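The structure file my_file.csv is reproduced below (CSV, C-alpha atoms).
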```csv
chain,number,residue,atom,x,y,z
N,1,MET,CA,-35.4,-111.4,-70.2
N,2,SER,CA,-32.0,-109.7,-70.9
N,3,ASN,CA,-30.6,-106.8,-69.1
N,4,VAL,CA,-31.1,-104.6,-72.2
N,5,ASP,CA,-34.7,-105.6,-72.4
N,6,VAL,CA,-35.2,-104.6,-68.8
N,7,LEU,CA,-33.4,-101.2,-69.4
N,8,GLU,CA,-35.7,-100.6,-72.4
N,9,GLN,CA,-38.7,-101.1,-70.0
N,10,LEU,CA,-37.1,-98.8,-67.5
N,11,GLN,CA,-36.8,-96.2,-70.2
N,12,LEU,CA,-40.5,-96.3,-70.8
N,13,VAL,CA,-41.2,-95.9,-67.1
N,14,LEU,CA,-38.6,-93.2,-66.2
N,15,LYS,CA,-38.8,-91.3,-69.5
N,16,PRO,CA,-35.3,-89.7,-69.3
N,17,ASP,CA,-35.9,-87.9,-72.6
N,18,MET,CA,-38.5,-85.6,-71.2
N,19,PRO,CA,-37.1,-82.0,-70.8
N,20,ASP,CA,-38.9,-81.5,-67.4
N,21,ARG,CA,-37.0,-84.5,-65.8
N,22,ARG,CA,-33.6,-83.0,-65.6
N,23,LEU,CA,-33.1,-83.4,-61.9
N,24,VAL,CA,-33.3,-87.1,-60.8
N,25,CYS,CA,-33.2,-88.2,-57.2
N,26,VAL,CA,-32.4,-91.9,-56.6
N,27,GLU,CA,-33.1,-92.6,-53.0
N,28,GLU,CA,-31.8,-95.6,-51.1
N,29,THR,CA,-33.4,-96.8,-47.9
N,30,ASP,CA,-31.4,-99.0,-45.5
N,31,THR,CA,-29.7,-101.8,-47.5
N,32,ALA,CA,-31.1,-100.8,-51.0
N,33,LYS,CA,-28.5,-99.7,-53.6
N,34,ALA,CA,-28.9,-96.9,-56.1
N,35,ASP,CA,-26.1,-97.9,-58.4
N,36,MET,CA,-28.3,-99.9,-60.8
N,37,ILE,CA,-30.5,-96.8,-61.5
N,38,LEU,CA,-27.5,-94.5,-61.8
N,39,SER,CA,-26.1,-97.0,-64.3
N,40,PHE,CA,-29.4,-97.0,-66.2
N,41,TYR,CA,-29.1,-93.3,-66.8
N,42,MET,CA,-25.5,-93.8,-68.1
N,43,TRP,CA,-26.8,-96.6,-70.3
N,44,TYR,CA,-29.4,-94.2,-71.7
N,45,ALA,CA,-26.9,-91.4,-72.3
N,46,PHE,CA,-24.4,-93.7,-74.0
N,47,THR,CA,-26.7,-95.9,-76.1
N,48,LYS,CA,-29.7,-93.6,-76.8
N,49,THR,CA,-27.9,-90.2,-77.2
N,50,ASP,CA,-24.5,-88.8,-78.0
N,51,LEU,CA,-24.3,-86.9,-74.7
N,52,PRO,CA,-21.3,-86.9,-72.4
N,53,VAL,CA,-21.4,-88.2,-68.8
N,54,GLN,CA,-19.4,-87.1,-65.7
N,55,LEU,CA,-19.6,-89.5,-62.7
N,56,ILE,CA,-18.7,-88.1,-59.3
N,57,GLY,CA,-17.8,-91.1,-57.3
N,58,THR,CA,-17.6,-90.6,-53.5
N,59,ARG,CA,-18.7,-94.2,-52.7
N,60,ASP,CA,-18.5,-96.9,-55.3
N,61,SER,CA,-15.3,-97.2,-57.4
N,62,TYR,CA,-14.7,-96.8,-61.1
N,63,GLY,CA,-14.2,-100.6,-61.4
N,64,HIS,CA,-17.6,-101.2,-59.8
N,65,TYR,CA,-19.4,-99.1,-62.4
N,66,GLN,CA,-17.3,-100.5,-65.2
N,67,ASN,CA,-18.5,-104.0,-64.2
N,68,VAL,CA,-22.1,-102.9,-64.0
N,69,GLY,CA,-21.7,-101.1,-67.4
N,70,LEU,CA,-20.5,-104.3,-69.1
N,71,LYS,CA,-23.6,-106.1,-67.8
N,72,PHE,CA,-25.6,-103.3,-69.3
N,73,HIS,CA,-23.7,-103.6,-72.6
N,74,TYR,CA,-21.6,-100.4,-72.5
N,75,ASN,CA,-17.9,-99.9,-71.7
N,76,LEU,CA,-16.8,-96.9,-69.6
N,77,LEU,CA,-13.2,-97.2,-70.9
N,78,SER,CA,-14.5,-97.0,-74.5
N,79,MET,CA,-16.7,-94.0,-73.6
N,80,SER,CA,-13.7,-92.3,-72.0
N,81,ASN,CA,-11.6,-92.8,-75.1
N,82,GLN,CA,-14.3,-91.1,-77.1
N,83,SER,CA,-14.3,-88.2,-74.7
N,84,ARG,CA,-17.8,-89.0,-73.6
N,85,PHE,CA,-17.1,-90.2,-70.0
N,86,GLU,CA,-15.1,-88.9,-67.1
N,87,TYR,CA,-14.8,-90.4,-63.6
N,88,VAL,CA,-14.0,-88.0,-60.7
N,89,ASP,CA,-13.0,-89.3,-57.3
N,90,SER,CA,-11.1,-86.3,-55.9
N,91,VAL,CA,-14.1,-84.3,-54.6
N,92,GLU,CA,-13.4,-83.2,-51.0
N,93,CYS,CA,-16.2,-80.7,-50.4
N,94,ILE,CA,-19.5,-79.4,-51.8
N,95,ASN,CA,-17.8,-76.4,-53.4
N,96,ASP,CA,-15.9,-78.8,-55.6
N,97,LEU,CA,-19.2,-79.8,-57.2
N,98,PHE,CA,-19.8,-76.2,-58.2
N,99,ASN,CA,-16.4,-76.1,-59.8
N,100,TYR,CA,-16.8,-79.4,-61.6
N,101,THR,CA,-20.2,-78.4,-62.9
N,102,GLY,CA,-18.8,-75.1,-64.3
N,103,ASP,CA,-15.9,-76.9,-65.9
N,104,LEU,CA,-18.2,-79.5,-67.4
N,105,LEU,CA,-20.4,-77.0,-69.1
N,106,LYS,CA,-17.4,-75.1,-70.4
N,107,ARG,CA,-15.9,-78.2,-71.8
N,108,TYR,CA,-19.2,-79.0,-73.6
N,109,PRO,CA,-20.5,-75.5,-74.5
N,110,THR,CA,-23.4,-76.7,-76.6
N,111,GLY,CA,-26.1,-79.2,-75.9
N,112,PRO,CA,-27.1,-81.1,-72.7
N,113,THR,CA,-24.6,-83.0,-70.5
N,114,TYR,CA,-25.0,-85.5,-67.7
N,115,MET,CA,-23.6,-85.3,-64.2
N,116,VAL,CA,-24.1,-88.4,-62.0
N,117,VAL,CA,-23.3,-88.1,-58.3
N,118,ASP,CA,-22.8,-91.3,-56.1
N,119,ASP,CA,-23.9,-90.3,-53.6
N,120,ILE,CA,-24.6,-86.8,-52.4
N,121,SER,CA,-25.2,-87.9,-48.8
N,122,SER,CA,-21.5,-88.5,-48.5
N,123,PHE,CA,-21.0,-84.7,-48.4
N,124,LEU,CA,-22.7,-84.6,-45.0
N,125,LEU,CA,-19.7,-86.7,-43.8
N,126,LEU,CA,-17.4,-84.2,-45.5
N,127,GLY,CA,-18.8,-81.2,-43.5
N,128,ALA,CA,-21.5,-79.9,-45.9
N,129,THR,CA,-24.7,-78.7,-44.4
N,130,LEU,CA,-28.2,-79.4,-45.7
N,131,SER,CA,-28.3,-75.7,-46.8
N,132,ASP,CA,-25.1,-76.2,-48.8
N,133,ILE,CA,-26.4,-79.1,-50.7
N,134,ILE,CA,-29.8,-77.5,-51.5
N,135,THR,CA,-27.9,-74.4,-52.7
N,136,PHE,CA,-26.1,-76.6,-55.2
N,137,LEU,CA,-29.3,-78.2,-56.4
N,138,MET,CA,-30.9,-74.7,-56.9
N,139,TYR,CA,-27.8,-73.8,-58.9
N,140,VAL,CA,-28.3,-76.8,-61.1
N,141,LYS,CA,-32.0,-75.9,-61.6
N,142,HIS,CA,-30.8,-72.7,-63.3
N,143,GLU,CA,-28.5,-74.6,-65.6
N,144,PRO,CA,-30.9,-75.9,-68.3
N,145,ARG,CA,-28.2,-77.8,-70.2
N,146,LEU,CA,-27.3,-80.0,-67.1
N,147,ARG,CA,-28.9,-83.3,-66.4
N,148,LEU,CA,-28.2,-84.2,-62.8
N,149,VAL,CA,-28.7,-87.7,-61.4
N,150,ILE,CA,-28.0,-88.0,-57.7
N,151,GLY,CA,-28.0,-90.9,-55.3
N,152,CYS,CA,-28.9,-90.2,-51.7
N,153,TRP,CA,-29.1,-92.6,-48.7
N,154,LYS,CA,-31.5,-92.5,-45.7
N,155,HIS,CA,-31.9,-94.6,-42.6
N,156,LYS,CA,-34.5,-94.3,-39.9
N,157,ASP,CA,-31.8,-93.7,-37.2
N,158,ASP,CA,-29.9,-91.0,-39.2
N,159,GLU,CA,-31.9,-87.7,-38.9
N,160,SER,CA,-29.5,-85.7,-41.1
N,161,ALA,CA,-29.7,-88.2,-44.0
N,162,LYS,CA,-33.5,-88.4,-43.7
N,163,ARG,CA,-33.9,-84.6,-43.8
N,164,LEU,CA,-31.5,-84.4,-46.8
N,165,ALA,CA,-33.4,-87.2,-48.7
N,166,SER,CA,-36.7,-85.4,-48.0
N,167,ALA,CA,-35.4,-82.1,-49.2
N,168,ILE,CA,-33.9,-83.6,-52.4
N,169,SER,CA,-37.0,-85.6,-53.2
N,170,HIS,CA,-39.1,-82.4,-53.1
N,171,THR,CA,-36.6,-80.5,-55.2
N,172,ALA,CA,-36.1,-83.2,-57.9
N,173,ASP,CA,-38.3,-83.6,-61.0
N,174,ILE,CA,-38.5,-87.3,-60.5
N,175,ARG,CA,-37.6,-89.5,-57.5
N,176,VAL,CA,-36.8,-93.2,-57.7
N,177,ALA,CA,-37.0,-94.6,-54.2
N,178,LEU,CA,-35.5,-98.1,-53.6
N,179,ALA,CA,-36.3,-100.0,-50.4
N,180,PRO,CA,-35.9,-103.6,-49.2
N,181,LEU,CA,-39.0,-105.7,-48.8
N,182,VAL,CA,-40.9,-105.0,-45.6
N,183,THR,CA,-41.6,-108.7,-45.1
N,184,GLY,CA,-37.9,-109.7,-45.5
N,185,PHE,CA,-36.3,-112.2,-47.8
N,186,SER,CA,-38.0,-113.4,-51.0
N,187,ASN,CA,-36.7,-115.6,-53.8
N,188,THR,CA,-38.6,-113.6,-56.4
N,189,ALA,CA,-37.9,-110.0,-55.4
N,190,THR,CA,-35.1,-107.9,-53.8
N,191,GLY,CA,-37.2,-104.9,-52.9
N,192,THR,CA,-39.6,-102.2,-54.1
N,193,MET,CA,-39.0,-99.3,-56.5
N,194,ARG,CA,-41.3,-96.3,-56.0
N,195,ILE,CA,-41.3,-93.7,-58.8
N,196,THR,CA,-42.7,-90.3,-58.0
N,197,THR,CA,-43.1,-87.5,-60.6
N,198,HIS,CA,-44.4,-84.0,-60.4
N,199,GLU,CA,-46.5,-83.9,-63.5
N,200,SER,CA,-47.7,-80.4,-62.6
N,201,GLN,CA,-47.6,-77.9,-59.8
N,202,CYS,CA,-50.5,-79.6,-58.1
N,203,GLY,CA,-50.3,-83.1,-59.6
N,204,ILE,CA,-48.1,-85.8,-58.3
N,205,GLU,CA,-48.0,-89.3,-59.8
N,206,GLU,CA,-46.6,-92.3,-58.0
N,207,VAL,CA,-46.3,-95.9,-59.0
N,208,SER,CA,-44.5,-98.9,-57.4
N,209,TYR,CA,-42.8,-102.0,-58.8
N,210,LEU,CA,-40.8,-105.0,-57.5
N,211,TYR,CA,-37.2,-105.5,-58.6
N,212,LYS,CA,-34.8,-108.4,-58.4
N,213,LEU,CA,-31.0,-108.1,-58.4
N,214,ALA,CA,-29.1,-111.1,-59.7
N,215,ASP,CA,-25.3,-111.9,-60.0
N,216,ASN,CA,-25.4,-111.5,-63.7
N,217,GLY,CA,-27.4,-108.2,-63.7
N,218,LEU,CA,-30.8,-106.8,-63.0
N,219,LYS,CA,-34.2,-108.2,-63.3
N,220,LEU,CA,-37.3,-106.0,-62.9
N,221,THR,CA,-40.8,-107.2,-62.6
N,222,LEU,CA,-42.1,-104.0,-64.1
N,223,ASN,CA,-45.2,-105.9,-65.1
N,224,SER,CA,-46.1,-106.7,-61.5
N,225,GLY,CA,-48.7,-103.9,-61.6
N,226,THR,CA,-49.2,-100.8,-59.6
N,227,VAL,CA,-49.2,-101.1,-55.8
```

Can you dump the structure from the file as structure tokens?
Amino acid sequence: MSNVDVLEQLQLVLKPDMPDRRLVCVEETDTAKADMILSFYMWYAFTKTDLPVQLIGTRDSYGHYQNVGLKFHYNLLSMSNQSRFEYVDSVECINDLFNYTGDLLKRYPTGPTYMVVDDISSFLLLGATLSDIITFLMYVKHEPRLRLVIGCWKHKDDESAKRLASAISHTADIRVALAPLVTGFSNTATGTMRITTHESQCGIEEVSYLYKLADNGLKLTLNSGTV
């Protein structure tokens, strides 16, 4: 199965076209990496819509995402030349996110736009508090044209990161939680992907899949069934 086929399957699962899934939390546990899911949302924006994307990179480089994009059959340089992509790596504090968000909405005054943040946990190291980050998320909630996709990291020994991940997952419309296999190494799977959505005020739906990362891209066993 090609990477594009896998992404088409992911689209059916994550349903990024739904208007009530504007705030996406991609949660990493331990050694799991969120970049493949962040790249999926950029693939969706570039290939299924005409929407622009701004990537706030506080961890992985532009070159890294360009390489992933080529595996997913889109080119960030080409998107940049078409004024549909901007990479920002000069963010120094959480207040910069407010400024970049405002500038992004002014630059594209009509229609939705995507902001992808890799990853928001880094702002804890830059001096932001949990309250600062949640304030930003509440600000985004009141900007109906903004689609925010944020990566966050948690580890059992990092209390601040765990509290942040928990707060974001409760604020987000959909959470994609990636974790390594509890049983350790496997030739057929890298880890688990747990997708949680708030279908209504009282209804929460959750489903889990296995995924496999390969040198040439991504392989998801989305047909592995519900866990």

Please provide as a ChimeraX atom specification all residues within 12 Å of Gln11 in chain N, with the sequence filter that same-chain residues fewer than 4 positions apart are discarded (counting all atoms listed in the file). /N:4-7,15-18,37,40-45,47-48,222

When you look at Ser80 in chain N with a cut-off of 12 Å (counting only C-alpha atoms), what residues show up, excluding the ones that are within fewer than 3 positions of it in the same chain? I need them as a list in words.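 Using only C-alpha atoms, the neighbours found are Phe46, Pro52, Val53, Gln54, Leu55, Tyr62, Gln66, Tyr74, Asn75, Leu76, Leu77, Ser83, Arg84, Phe85, Glu86 and Tyr87 of chain N.
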
Give me the residues near Val116 in chain N as a ChimeraX atom specification, where near means some atom within 6 Å (using all atoms listed in the file) and where sequence neighbours in that chain fewer than 3 positions away do not count. /N:55,148-150

Need to verify the contact set: Ile168 in chain N, 8 Å, all atoms listed in the file, exclusion of same-chain residues closer than 4 positions in sequence. Can you return it as a short mmCIF file (atom, residue, chain, number, x, y, z; two decimals) with C-alpha atoms, in the coordinates of the input?
```
data_model
loop_
_atom_site.label_atom_id
_atom_site.label_comp_id
_atom_site.auth_asym_id
_atom_site.auth_seq_id
_atom_site.Cartn_x
_atom_site.Cartn_y
_atom_site.Cartn_z
CA CYS N 25 -33.20 -88.20 -57.20
CA ILE N 134 -29.80 -77.50 -51.50
CA LEU N 164 -31.50 -84.40 -46.80
CA ALA N 172 -36.10 -83.20 -57.90
#
```

Find, counting all atoms listed in the file, the residue in N:Thr58, N:Thr129, N:Asn67, N:Thr113 that gets nearest to Glu92 in chain N.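 Using all atoms listed in the file, the shortest distance to Glu92 in chain N belongs to N:Thr58.
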
With only C-alpha atoms as the counted atoms, please give the residues lying no more than 12 Å from Asp119 in chain N, apart from itself and same-chain residues fewer than 2 positions off, as a ChimeraX atom specification. /N:25-28,33-35,38,55-61,89,91,94,115-117,121-125,133,148-154,161,164-165

From the list N:Ala128, N:Leu97, N:Val68, N:Ile174, which residue is nearest Asp20 in chain N when using only C-alpha atoms? N:Ile174

Between CA of Asn95 in chain N and CA of Tyr139 in chain N, measure the distance and give it in Å to one decimal.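 Between CA of Asn95 in chain N and CA of Tyr139 in chain N the gap is 11.7 Å.
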
Check the smallest atom-to-atom distance from each of N:Asp173, N:Glu205, N:Asp118, N:Asp158 to Lys141 in chain N using all atoms listed in the file, then report the winner. N:Asp173

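As for CA of Thr188 in chain N and CA of Leu213 in chain N, they are spaced 9.6 Å apart.
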
Can you tell me how far CA of Leu10 in chain N sits from CA of Gln82 in chain N, in Å to one decimal? 25.9 Å

Measuring atom to atom with all atoms listed in the file, identify which of N:Val176, N:Leu130, N:Met36, N:Leu51 is nearest to Arg21 in chain N.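 Distance minimum relative to Arg21 in chain N lands on N:Val176.
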
Measuring atom to atom with all atoms listed in the file, identify which of N:Thr101, N:Thr135, N:Asn81, N:Thr196 is nearest to Tyr114 in chain N.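 Ranked by minimum distance to Tyr114 in chain N, first place goes to N:Thr101.
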
Return the single residue from N:Met79, N:Thr110, N:Met138, N:Gly127 that is closest to Phe98 in chain N, with distances computed using all atoms listed in the file. N:Met138
